>>> print(open('query.tsv').read())   # TSV, C-alpha atoms and all ligand atoms
chain	number	residue	atom	x	y	z
V	116	MET	CA	71.54	108.01	82.95
V	117	LYS	CA	73.93	105.05	83.13
V	118	GLU	CA	73.91	103.45	86.58
V	119	GLU	CA	76.98	104.27	88.69
V	120	THR	CA	79.62	101.55	88.92
V	121	LYS	CA	80.18	100.55	92.55
V	122	VAL	CA	83.96	100.58	93.11
V	123	ILE	CA	86.40	99.74	95.87
V	124	LEU	CA	89.73	101.39	95.04
V	125	ASP	CA	92.80	99.57	96.46
V	126	VAL	CA	95.87	101.80	96.48
V	127	ASP	CA	99.52	102.16	97.56
V	128	PRO	CA	99.98	105.96	97.20
V	129	GLY	CA	102.21	106.66	95.33
V	130	HIS	CA	101.91	109.68	93.03
V	131	ASP	CA	99.84	107.96	90.35
V	132	ASP	CA	97.62	106.33	92.98
V	133	ALA	CA	96.97	109.80	94.35
V	134	VAL	CA	95.71	110.98	90.96
V	135	ALA	CA	93.60	107.82	90.66
V	136	ILE	CA	91.93	108.68	93.99
V	137	LEU	CA	91.23	112.24	92.80
V	138	LEU	CA	89.70	110.93	89.56
V	139	ALA	CA	87.57	108.24	91.20
V	140	ALA	CA	86.20	110.64	93.82
V	141	ALA	CA	85.29	113.26	91.21
V	142	SER	CA	83.52	111.03	88.68
V	143	GLU	CA	79.72	110.85	88.67
V	144	SER	CA	79.98	107.52	86.83
V	145	LEU	CA	81.43	105.83	89.89
V	146	ASP	CA	80.03	105.11	93.34
V	147	LEU	CA	83.34	105.03	95.26
V	148	ARG	CA	82.47	102.73	98.17
V	149	GLY	CA	85.84	103.00	99.88
V	150	ILE	CA	89.59	103.40	99.55
V	151	THR	CA	91.61	100.45	100.84
V	152	VAL	CA	95.34	100.83	101.38
V	153	VAL	CA	98.13	98.33	100.88
V	154	ALA	CA	101.92	98.43	101.26
V	155	GLY	CA	103.70	98.84	97.96
V	156	ASN	CA	105.28	102.05	96.80
V	157	GLN	CA	106.09	102.60	100.44
V	158	THR	CA	105.45	100.84	103.75
V	159	LEU	CA	101.85	100.67	104.96
V	160	PRO	CA	102.06	103.49	107.52
V	161	LYS	CA	103.32	105.79	104.74
V	162	THR	CA	100.83	104.70	102.05
V	163	THR	CA	98.01	105.07	104.57
V	164	LEU	CA	99.16	108.56	105.59
V	165	ASN	CA	99.39	109.48	101.90
V	166	ALA	CA	95.81	108.37	101.24
V	167	ARG	CA	94.74	110.54	104.20
V	168	ARG	CA	96.82	113.45	102.87
V	169	ILE	CA	95.26	113.33	99.41
V	170	CYS	CA	91.72	113.05	100.75
V	171	THR	CA	92.41	115.96	103.13
V	172	ALA	CA	93.91	118.14	100.41
V	173	ALA	CA	91.02	117.48	98.01
V	174	GLY	CA	88.28	117.64	100.64
V	175	ILE	CA	87.29	114.01	100.06
V	176	THR	CA	85.63	113.41	103.42
V	177	ASP	CA	82.71	111.16	102.47
V	178	VAL	CA	84.75	108.13	101.36
V	179	GLY	CA	86.18	105.77	103.97
V	180	ILE	CA	89.89	104.98	104.04
V	181	TYR	CA	90.69	101.48	105.32
V	182	GLU	CA	94.19	100.36	106.26
V	183	GLY	CA	95.14	96.97	104.87
V	184	THR	CA	98.06	94.60	104.73
V	185	GLY	CA	101.60	95.67	105.51
V	186	SER	CA	103.58	92.88	103.90
V	187	PRO	CA	103.38	90.53	100.93
V	188	LEU	CA	101.96	87.02	101.35
V	189	VAL	CA	105.24	85.16	100.93
V	190	ARG	CA	108.17	87.16	99.55
V	191	ASP	CA	110.26	89.88	101.21
V	192	GLN	CA	108.99	93.44	100.97
V	193	VAL	CA	110.11	95.75	98.17
V	194	THR	CA	109.09	99.41	97.73
V	195	GLY	CA	108.93	101.97	94.94
V	196	GLU	CA	111.00	104.48	96.90
V	197	PHE	CA	113.28	105.14	93.91
V	198	ILE	CA	110.27	106.69	92.13
V	199	HIS	CA	107.95	107.91	94.89
V	200	GLY	CA	110.53	108.99	97.47
V	201	GLY	CA	110.99	108.37	101.16
V	202	SER	CA	107.45	109.44	102.07
V	203	GLY	CA	105.90	107.67	99.09
V	204	LEU	CA	104.50	111.03	97.96
V	205	ASP	CA	107.57	113.29	97.86
V	206	GLY	CA	107.36	116.70	96.23
V	207	PRO	CA	104.46	118.70	97.71
V	208	GLU	CA	104.31	120.01	101.27
V	209	PHE	CA	101.06	118.60	102.71
V	210	SER	CA	99.14	120.27	105.53
V	211	PRO	CA	98.32	117.98	108.50
V	212	ALA	CA	95.90	115.26	107.36
V	213	TYR	CA	92.59	115.58	109.18
V	214	VAL	CA	90.83	112.77	107.27
V	215	GLU	CA	91.27	109.71	109.48
V	216	VAL	CA	91.16	106.03	108.61
V	217	ARG	CA	87.97	104.15	109.52
V	218	ASP	CA	88.21	101.67	112.40
V	219	LYS	CA	87.88	98.61	110.18
V	220	GLY	CA	90.64	96.80	108.30
V	221	ALA	CA	90.73	96.87	104.51
V	222	VAL	CA	90.07	93.15	104.06
V	223	ASP	CA	87.15	93.25	106.52
V	224	PHE	CA	85.75	96.28	104.68
V	225	MET	CA	86.06	94.57	101.30
V	226	LEU	CA	84.32	91.45	102.63
V	227	ASP	CA	81.53	93.42	104.34
V	228	GLU	CA	80.88	95.43	101.18
V	229	LEU	CA	80.88	92.33	98.99
V	230	MET	CA	78.65	90.31	101.34
V	231	GLU	CA	76.12	93.13	101.76
V	232	ALA	CA	76.08	94.14	98.09
V	233	ASP	CA	72.77	93.50	96.34
V	234	ASP	CA	74.60	93.67	93.01
V	235	GLY	CA	78.18	93.45	91.78
V	236	ILE	CA	81.05	95.50	93.14
V	237	THR	CA	84.12	96.26	91.03
V	238	ILE	CA	87.54	96.17	92.66
V	239	ALA	CA	90.03	98.59	91.11
V	240	ALA	CA	93.44	97.45	92.33
V	241	VAL	CA	96.33	99.79	91.59
V	242	GLY	CA	98.89	98.44	94.06
V	243	PRO	CA	100.14	94.98	94.99
V	244	LEU	CA	97.24	92.52	95.20
V	245	THR	CA	97.75	91.44	98.81
V	246	ASN	CA	94.46	92.85	100.21
V	247	VAL	CA	92.42	91.52	97.30
V	248	ALA	CA	93.94	88.04	97.49
V	249	LEU	CA	93.41	87.82	101.26
V	250	ALA	CA	89.75	88.83	100.92
V	251	LEU	CA	89.03	86.23	98.22
V	252	ILE	CA	90.81	83.35	99.97
V	253	ARG	CA	89.30	84.18	103.38
V	254	GLU	CA	85.70	84.20	102.13
V	255	PRO	CA	85.59	82.62	98.64
V	256	GLN	CA	81.80	82.86	98.55
V	257	VAL	CA	82.01	86.65	98.06
V	258	LYS	CA	83.41	86.05	94.55
V	259	ALA	CA	79.82	85.86	93.31
V	260	ASN	CA	79.44	89.55	94.16
V	261	VAL	CA	82.65	90.69	92.51
V	262	GLU	CA	81.63	92.24	89.20
V	263	GLU	CA	85.22	92.53	87.99
V	264	ILE	CA	88.72	93.08	89.28
V	265	VAL	CA	90.54	95.68	87.20
V	266	VAL	CA	94.24	95.53	87.99
V	267	MET	CA	96.94	98.03	87.21
V	268	GLY	CA	99.75	95.55	86.94
V	269	GLY	CA	101.74	93.20	84.80
V	270	SER	CA	103.04	93.51	81.30
V	271	MET	CA	102.80	91.47	78.10
V	272	GLY	CA	106.33	92.65	77.45
V	273	ILE	CA	109.14	94.11	79.49
V	274	GLY	CA	108.93	94.90	83.18
V	275	ASN	CA	109.68	98.08	85.08
V	276	TYR	CA	110.94	96.78	88.40
V	277	THR	CA	112.93	93.92	86.96
V	278	ALA	CA	113.57	93.21	83.31
V	279	ALA	CA	110.64	90.76	83.40
V	280	ALA	CA	108.24	92.02	86.06
V	281	GLU	CA	106.04	95.06	86.66
V	282	PHE	CA	106.18	96.46	90.19
V	283	ASN	CA	102.66	95.69	91.52
V	284	ILE	CA	102.96	92.05	90.52
V	285	PHE	CA	106.62	91.74	91.55
V	286	ALA	CA	105.83	93.17	94.99
V	287	ASP	CA	103.47	90.23	95.71
V	288	PRO	CA	103.51	87.60	92.93
V	289	GLU	CA	101.75	84.96	95.03
V	290	ALA	CA	98.84	87.34	95.68
V	291	ALA	CA	98.64	88.15	91.98
V	292	HIS	CA	98.66	84.44	91.12
V	293	LEU	CA	95.75	83.84	93.51
V	294	VAL	CA	93.74	86.70	92.00
V	295	PHE	CA	94.27	85.52	88.41
V	296	GLU	CA	93.24	81.98	89.48
V	297	THR	CA	90.01	82.88	91.32
V	298	GLY	CA	87.77	82.62	88.28
V	299	VAL	CA	86.54	86.17	88.94
V	300	PRO	CA	86.55	88.36	85.78
V	301	VAL	CA	89.97	90.05	85.77
V	302	THR	CA	91.02	92.87	83.48
V	303	MET	CA	94.76	93.49	83.45
V	304	VAL	CA	95.79	97.06	82.65
V	305	GLY	CA	99.50	96.53	82.26
V	306	LEU	CA	102.50	98.56	81.21
V	307	ASP	CA	101.68	97.96	77.54
V	308	VAL	CA	98.71	100.29	78.05
V	309	THR	CA	99.87	102.64	80.79
V	310	ARG	CA	103.09	103.47	78.96
V	311	GLN	CA	100.83	105.25	76.44
V	312	ALA	CA	99.52	107.63	79.17
V	313	GLU	CA	102.54	109.93	78.86
V	314	ILE	CA	102.73	113.01	81.06
V	315	THR	CA	104.03	115.40	78.44
V	316	PRO	CA	104.75	119.14	78.79
V	317	ALA	CA	101.48	119.72	76.89
V	318	ILE	CA	99.56	117.79	79.56
V	319	MET	CA	101.33	119.73	82.31
V	320	LYS	CA	100.32	122.94	80.50
V	321	ARG	CA	96.65	121.83	80.33
V	322	LEU	CA	96.75	121.06	84.07
V	323	ARG	CA	98.29	124.48	84.77
V	324	GLU	CA	95.54	126.16	82.73
V	325	ILE	CA	92.82	124.59	84.91
V	326	GLY	CA	94.45	126.17	87.94
V	327	ASN	CA	92.36	124.90	90.87
V	328	ARG	CA	93.86	123.75	94.19
V	329	VAL	CA	93.72	120.08	93.18
V	330	THR	CA	95.32	120.52	89.78
V	331	ASP	CA	97.96	122.73	91.38
V	332	LEU	CA	98.71	119.92	93.84
V	333	THR	CA	98.69	117.41	90.98
V	334	LEU	CA	101.24	119.55	89.14
V	335	GLU	CA	103.53	119.51	92.17
V	336	MET	CA	103.20	115.73	92.48
V	337	LEU	CA	103.83	115.18	88.79
V	338	ASP	CA	106.79	117.54	88.72
V	339	TYR	CA	108.48	115.32	91.30
V	340	TYR	CA	107.32	112.11	89.58
V	341	ARG	CA	108.71	113.34	86.23
V	342	SER	CA	112.07	114.07	87.86
V	343	THR	CA	112.45	110.60	89.36
V	344	TYR	CA	111.35	108.85	86.17
V	345	LYS	CA	113.94	110.86	84.26
V	346	ARG	CA	116.62	109.84	86.74
V	347	ALA	CA	115.59	106.18	86.96
V	348	PHE	CA	114.51	105.42	83.39
V	349	ASP	CA	115.74	108.42	81.40
V	350	LEU	CA	112.11	109.05	80.39
V	351	ASP	CA	111.10	112.66	79.70
V	352	ASN	CA	107.37	111.86	79.60
V	353	PRO	CA	106.65	109.22	82.25
V	354	PRO	CA	103.53	107.04	82.28
V	355	LEU	CA	100.65	107.87	84.59
V	356	HIS	CA	99.74	104.27	85.39
V	357	ASP	CA	96.96	104.04	87.97
V	358	PRO	CA	94.40	106.54	86.65
V	359	CYS	CA	94.17	104.39	83.48
V	360	VAL	CA	92.22	101.84	85.53
V	361	VAL	CA	89.76	104.43	86.86
V	362	ALA	CA	89.32	106.03	83.43
V	363	TYR	CA	88.50	102.56	82.04
V	364	LEU	CA	85.74	102.15	84.65
V	365	ILE	CA	84.37	105.56	83.65
V	366	ASP	CA	84.47	104.84	79.90
V	367	ARG	CA	85.33	101.38	78.61
V	368	GLU	CA	86.25	102.87	75.23
V	369	VAL	CA	89.48	104.21	76.70
V	370	ILE	CA	91.25	100.81	76.66
V	371	THR	CA	91.08	98.07	74.04
V	372	THR	CA	91.45	94.63	75.59
V	373	LYS	CA	92.03	91.09	74.35
V	374	ALA	CA	90.96	87.94	76.22
V	375	MET	CA	93.84	85.61	76.92
V	376	ARG	CA	95.46	83.32	79.46
V	377	VAL	CA	97.67	85.07	82.02
V	378	ASP	CA	99.97	83.18	84.37
V	379	VAL	CA	102.20	84.73	87.02
V	380	ASP	CA	105.66	83.21	87.14
V	381	LEU	CA	106.34	82.13	90.74
V	382	ASN	CA	109.66	80.45	90.04
V	383	SER	CA	112.56	82.12	91.80
V	384	GLY	CA	114.90	83.58	89.28
V	385	ILE	CA	114.98	86.32	86.65
V	386	ASP	CA	111.32	85.83	85.62
V	387	TYR	CA	109.86	85.87	89.16
V	388	GLY	CA	106.70	87.99	89.09
V	389	ARG	CA	106.44	88.08	85.32
V	390	THR	CA	102.91	87.99	83.84
V	391	VAL	CA	103.10	85.42	81.06
V	392	CYS	CA	100.40	86.57	78.61
V	393	ASP	CA	99.37	83.93	76.07
V	394	TYR	CA	98.38	86.40	73.32
V	395	TYR	CA	97.96	83.72	70.61
V	396	GLY	CA	96.46	81.02	72.85
V	397	ARG	CA	99.41	78.72	72.28
V	398	SER	CA	99.14	77.10	75.73
V	399	GLY	CA	95.59	75.84	75.27
V	400	ARG	CA	95.06	76.84	78.91
V	401	GLU	CA	91.74	78.35	80.01
V	402	VAL	CA	91.47	82.08	79.30
V	403	ASN	CA	91.33	83.92	82.65
V	404	ALA	CA	91.67	87.62	81.86
V	405	LYS	CA	91.12	90.49	79.51
V	406	VAL	CA	94.44	92.23	78.88
V	407	GLY	CA	94.75	95.86	77.85
V	408	ILE	CA	96.55	96.26	74.53
V	409	GLU	CA	95.77	99.83	73.45
V	410	LEU	CA	95.00	103.15	75.21
V	411	SER	CA	93.02	105.92	73.59
V	412	SER	CA	95.30	108.51	75.15
V	413	GLU	CA	93.31	111.54	73.95
V	414	LEU	CA	90.16	110.16	75.59
V	415	PHE	CA	92.12	109.20	78.70
V	416	TRP	CA	93.45	112.71	79.27
V	417	GLU	CA	90.02	114.20	78.48
V	418	ILE	CA	88.41	112.00	81.14
V	419	LEU	CA	91.09	112.83	83.71
V	420	LEU	CA	91.35	116.56	83.14
V	421	SER	CA	87.59	117.13	82.85
V	422	ASN	CA	87.12	115.43	86.22
V	423	LEU	CA	89.99	117.24	87.94
V	424	GLU	CA	88.43	120.47	86.69
V	425	LYS	CA	85.45	119.82	89.00
V	426	TYR	CA	87.40	120.42	92.23
P	1	LIG	O1	104.28	99.67	87.89
P	1	LIG	C1	103.46	100.77	88.18
P	1	LIG	C2	102.69	100.53	89.43
P	1	LIG	O2	103.57	100.39	90.52
P	1	LIG	C3	101.78	101.73	89.79
P	1	LIG	O3	100.65	101.25	90.46
P	1	LIG	C4	102.63	102.52	90.73
P	1	LIG	O4	101.85	103.27	91.68
P	1	LIG	C5	103.36	101.44	91.46
P	1	LIG	O5	102.53	100.97	92.49
P	2	CA	CA	100.04	102.12	92.63
>>> encode(input="query.tsv", output="structure tokens")
Amino acid sequence: MKEETKVILDVDPGHDDAVAILLAAASESLDLRGITVVAGNQTLPKTTLNARRICTAAGITDVGIYEGTGSPLVRDQVTGEFIHGGSGLDGPEFSPAYVEVRDKGAVDFMLDELMEADDGITIAAVGPLTNVALALIREPQVKANVEEIVVMGGSMGIGNYTAAAEFNIFADPEAAHLVFETGVPVTMVGLDVTRQAEITPAIMKRLREIGNRVTDLTLEMLDYYRSTYKRAFDLDNPPLHDPCVVAYLIDREVITTKAMRVDVDLNSGIDYGRTVCDYYGRSGREVNAKVGIELSSELFWEILLSNLEKY
């Protein structure tokens, strides 16, 4: 039996974050050490409440939720309200959340876990990288215990929040820059990959056929998410971004990656927050990341649906 991967999941729920939490909590391949919350798709109070709502709805009571950082390191705050709604998780009616946050901050939790770990811990970051950056700059020595940081963020090509930048990076480019510069192994699961995780009517049908309380909730969330992606991007089959990171930790075959140099553009202007991916090594700069280039979408959906079936 393959040893479980110890994971801290950093989220800004967010509809796709919510599904990433459900997947991570269900998988026997992962030892989910904790869920840390960051501002992103909505403000921190809302993303924290949404993490509590999802854990309550799915009965995830054995994984700590830790509230993190409410604003980016340098820039002004932006949100993903145009996709995720005013609550950050619009669509379903949630019952009162009884799962509470733990009485430790997200950065403190990350540092405690990393300092006490007797082997590597993987950080799966599916929101802006503020919490992760703060942990690594506050106690750089913990980097030795970071197995890998797998980031949903960035793009080798076009952006989704601006023409050039993907939302998670754009929401805190300085934090992203710090993470890519730490020398810790970083895997970037960007839009080039997640755009292949299309929520099609066939996928919605497969979810409906499972028919448990968690897949029913997932259907409600994705119905809303599909409606806002149609309105905002005229996409009929929107990408389910964040669970791609968790599926990759469960089975590395699901994403093909290529090692390359990644730099985050911090210049103010139209490219602010862009991930400049040196695919052909033209810069001669030190390679600092593995970048996702291909998703095995059939395997991805099999991993996700087979785990949601367990609830
Ligand atoms: O660009 C997609 C990313 O931004 C996803 O993590 C989504 O949840 C939003 O945070
Ligand atoms: Ca997210």
>>> axis_aligned_box(input="query.tsv", around="stretch 213-220 of chain V", padding_each_side="8 Å", output="lines of an AutoDock Vina configuration file")
center_x = 90.2
center_y = 106.2
center_z = 109.8
size_x = 20.7
size_y = 34.8
size_z = 21.1
>>> closest_residue(input="query.tsv", among="V:Val152, V:Leu188, V:Val329, V:Ala240", to="V:Thr171", atoms="all atoms listed in the file")
V:Val329
>>> residues_around(input="query.tsv", residues="V:Ser144", least_positions_apart="2", cutoff="7 Å", atoms="only C-alpha atoms", output="list in words")
Glu119, Thr120, Ser142, Asp146 and Ile365 of chain V
>>> residues_near_ligand(input="query.tsv", ligand="ligand CA 2 (chain P)", cutoff="8 Å", atoms="all atoms listed in the file", output="JSON, numbers by chain")
{"V": [126, 127, 128, 129, 130, 131, 132, 155, 156, 241, 242, 243, 267, 283, 356, 357]}
>>> write_last_selection(input="query.tsv", atoms="C-alpha atoms", output="PDB file, in the frame of the given file")
ATOM      1  CA  VAL V 126      95.870 101.800  96.480  1.00  0.00           C
ATOM      2  CA  ASP V 127      99.520 102.160  97.560  1.00  0.00           C
ATOM      3  CA  PRO V 128      99.980 105.960  97.200  1.00  0.00           C
ATOM      4  CA  GLY V 129     102.210 106.660  95.330  1.00  0.00           C
ATOM      5  CA  HIS V 130     101.910 109.680  93.030  1.00  0.00           C
ATOM      6  CA  ASP V 131      99.840 107.960  90.350  1.00  0.00           C
ATOM      7  CA  ASP V 132      97.620 106.330  92.980  1.00  0.00           C
ATOM      8  CA  GLY V 155     103.700  98.840  97.960  1.00  0.00           C
ATOM      9  CA  ASN V 156     105.280 102.050  96.800  1.00  0.00           C
ATOM     10  CA  VAL V 241      96.330  99.790  91.590  1.00  0.00           C
ATOM     11  CA  GLY V 242      98.890  98.440  94.060  1.00  0.00           C
ATOM     12  CA  PRO V 243     100.140  94.980  94.990  1.00  0.00           C
ATOM     13  CA  MET V 267      96.940  98.030  87.210  1.00  0.00           C
ATOM     14  CA  ASN V 283     102.660  95.690  91.520  1.00  0.00           C
ATOM     15  CA  HIS V 356      99.740 104.270  85.390  1.00  0.00           C
ATOM     16  CA  ASP V 357      96.960 104.040  87.970  1.00  0.00           C
TER      17      ASP V 357
END
>>> residues_around(input="query.tsv", residues="V:Ile408", least_positions_apart="6", cutoff="6 Å", atoms="only C-alpha atoms", output="compact mmCIF listing (two decimals) with C-alpha atoms, keeping the file's coordinate frame")
# COMPACT_ATOMS: atom_id res chain seq x y z
CA VAL V 308 98.71 100.29 78.05
CA THR V 371 91.08 98.07 74.04
CA THR V 372 91.45 94.63 75.59
>>> closest_residue(input="query.tsv", among="V:Asp227, V:Asp307, V:Asp233, V:Glu182", to="ligand LIG 1 (chain P)", atoms="all atoms listed in the file")
V:Asp307
>>> residues_near_point(input="query.tsv", point="(93.5, 110.7, 76.2)", cutoff="10 Å", atoms="all atoms listed in the file", output="list in words")
Gln311, Ala312, Glu313, Ile318, Cys359, Ala362, Val369, Leu410, Ser411, Ser412, Glu413, Leu414, Phe415, Trp416, Glu417, Ile418, Leu419 and Leu420 of chain V
>>> residues_around(input="query.tsv", residues="V:Leu381", least_positions_apart="2", cutoff="12 Å", atoms="all atoms listed in the file", output="PDB file with C-alpha atoms, in the coordinates of the input")
ATOM      1  CA  VAL V 189     105.240  85.160 100.930  1.00  0.00           C
ATOM      2  CA  ARG V 190     108.170  87.160  99.550  1.00  0.00           C
ATOM      3  CA  ALA V 280     108.240  92.020  86.060  1.00  0.00           C
ATOM      4  CA  ILE V 284     102.960  92.050  90.520  1.00  0.00           C
ATOM      5  CA  PHE V 285     106.620  91.740  91.550  1.00  0.00           C
ATOM      6  CA  ALA V 286     105.830  93.170  94.990  1.00  0.00           C
ATOM      7  CA  ASP V 287     103.470  90.230  95.710  1.00  0.00           C
ATOM      8  CA  PRO V 288     103.510  87.600  92.930  1.00  0.00           C
ATOM      9  CA  GLU V 289     101.750  84.960  95.030  1.00  0.00           C
ATOM     10  CA  ALA V 290      98.840  87.340  95.680  1.00  0.00           C
ATOM     11  CA  ALA V 291      98.640  88.150  91.980  1.00  0.00           C
ATOM     12  CA  HIS V 292      98.660  84.440  91.120  1.00  0.00           C
ATOM     13  CA  LEU V 293      95.750  83.840  93.510  1.00  0.00           C
ATOM     14  CA  ASP V 378      99.970  83.180  84.370  1.00  0.00           C
ATOM     15  CA  VAL V 379     102.200  84.730  87.020  1.00  0.00           C
ATOM     16  CA  SER V 383     112.560  82.120  91.800  1.00  0.00           C
ATOM     17  CA  GLY V 384     114.900  83.580  89.280  1.00  0.00           C
ATOM     18  CA  ILE V 385     114.980  86.320  86.650  1.00  0.00           C
ATOM     19  CA  ASP V 386     111.320  85.830  85.620  1.00  0.00           C
ATOM     20  CA  TYR V 387     109.860  85.870  89.160  1.00  0.00           C
ATOM     21  CA  GLY V 388     106.700  87.990  89.090  1.00  0.00           C
ATOM     22  CA  ARG V 389     106.440  88.080  85.320  1.00  0.00           C
ATOM     23  CA  THR V 390     102.910  87.990  83.840  1.00  0.00           C
ATOM     24  CA  VAL V 391     103.100  85.420  81.060  1.00  0.00           C
TER      25      VAL V 391
END
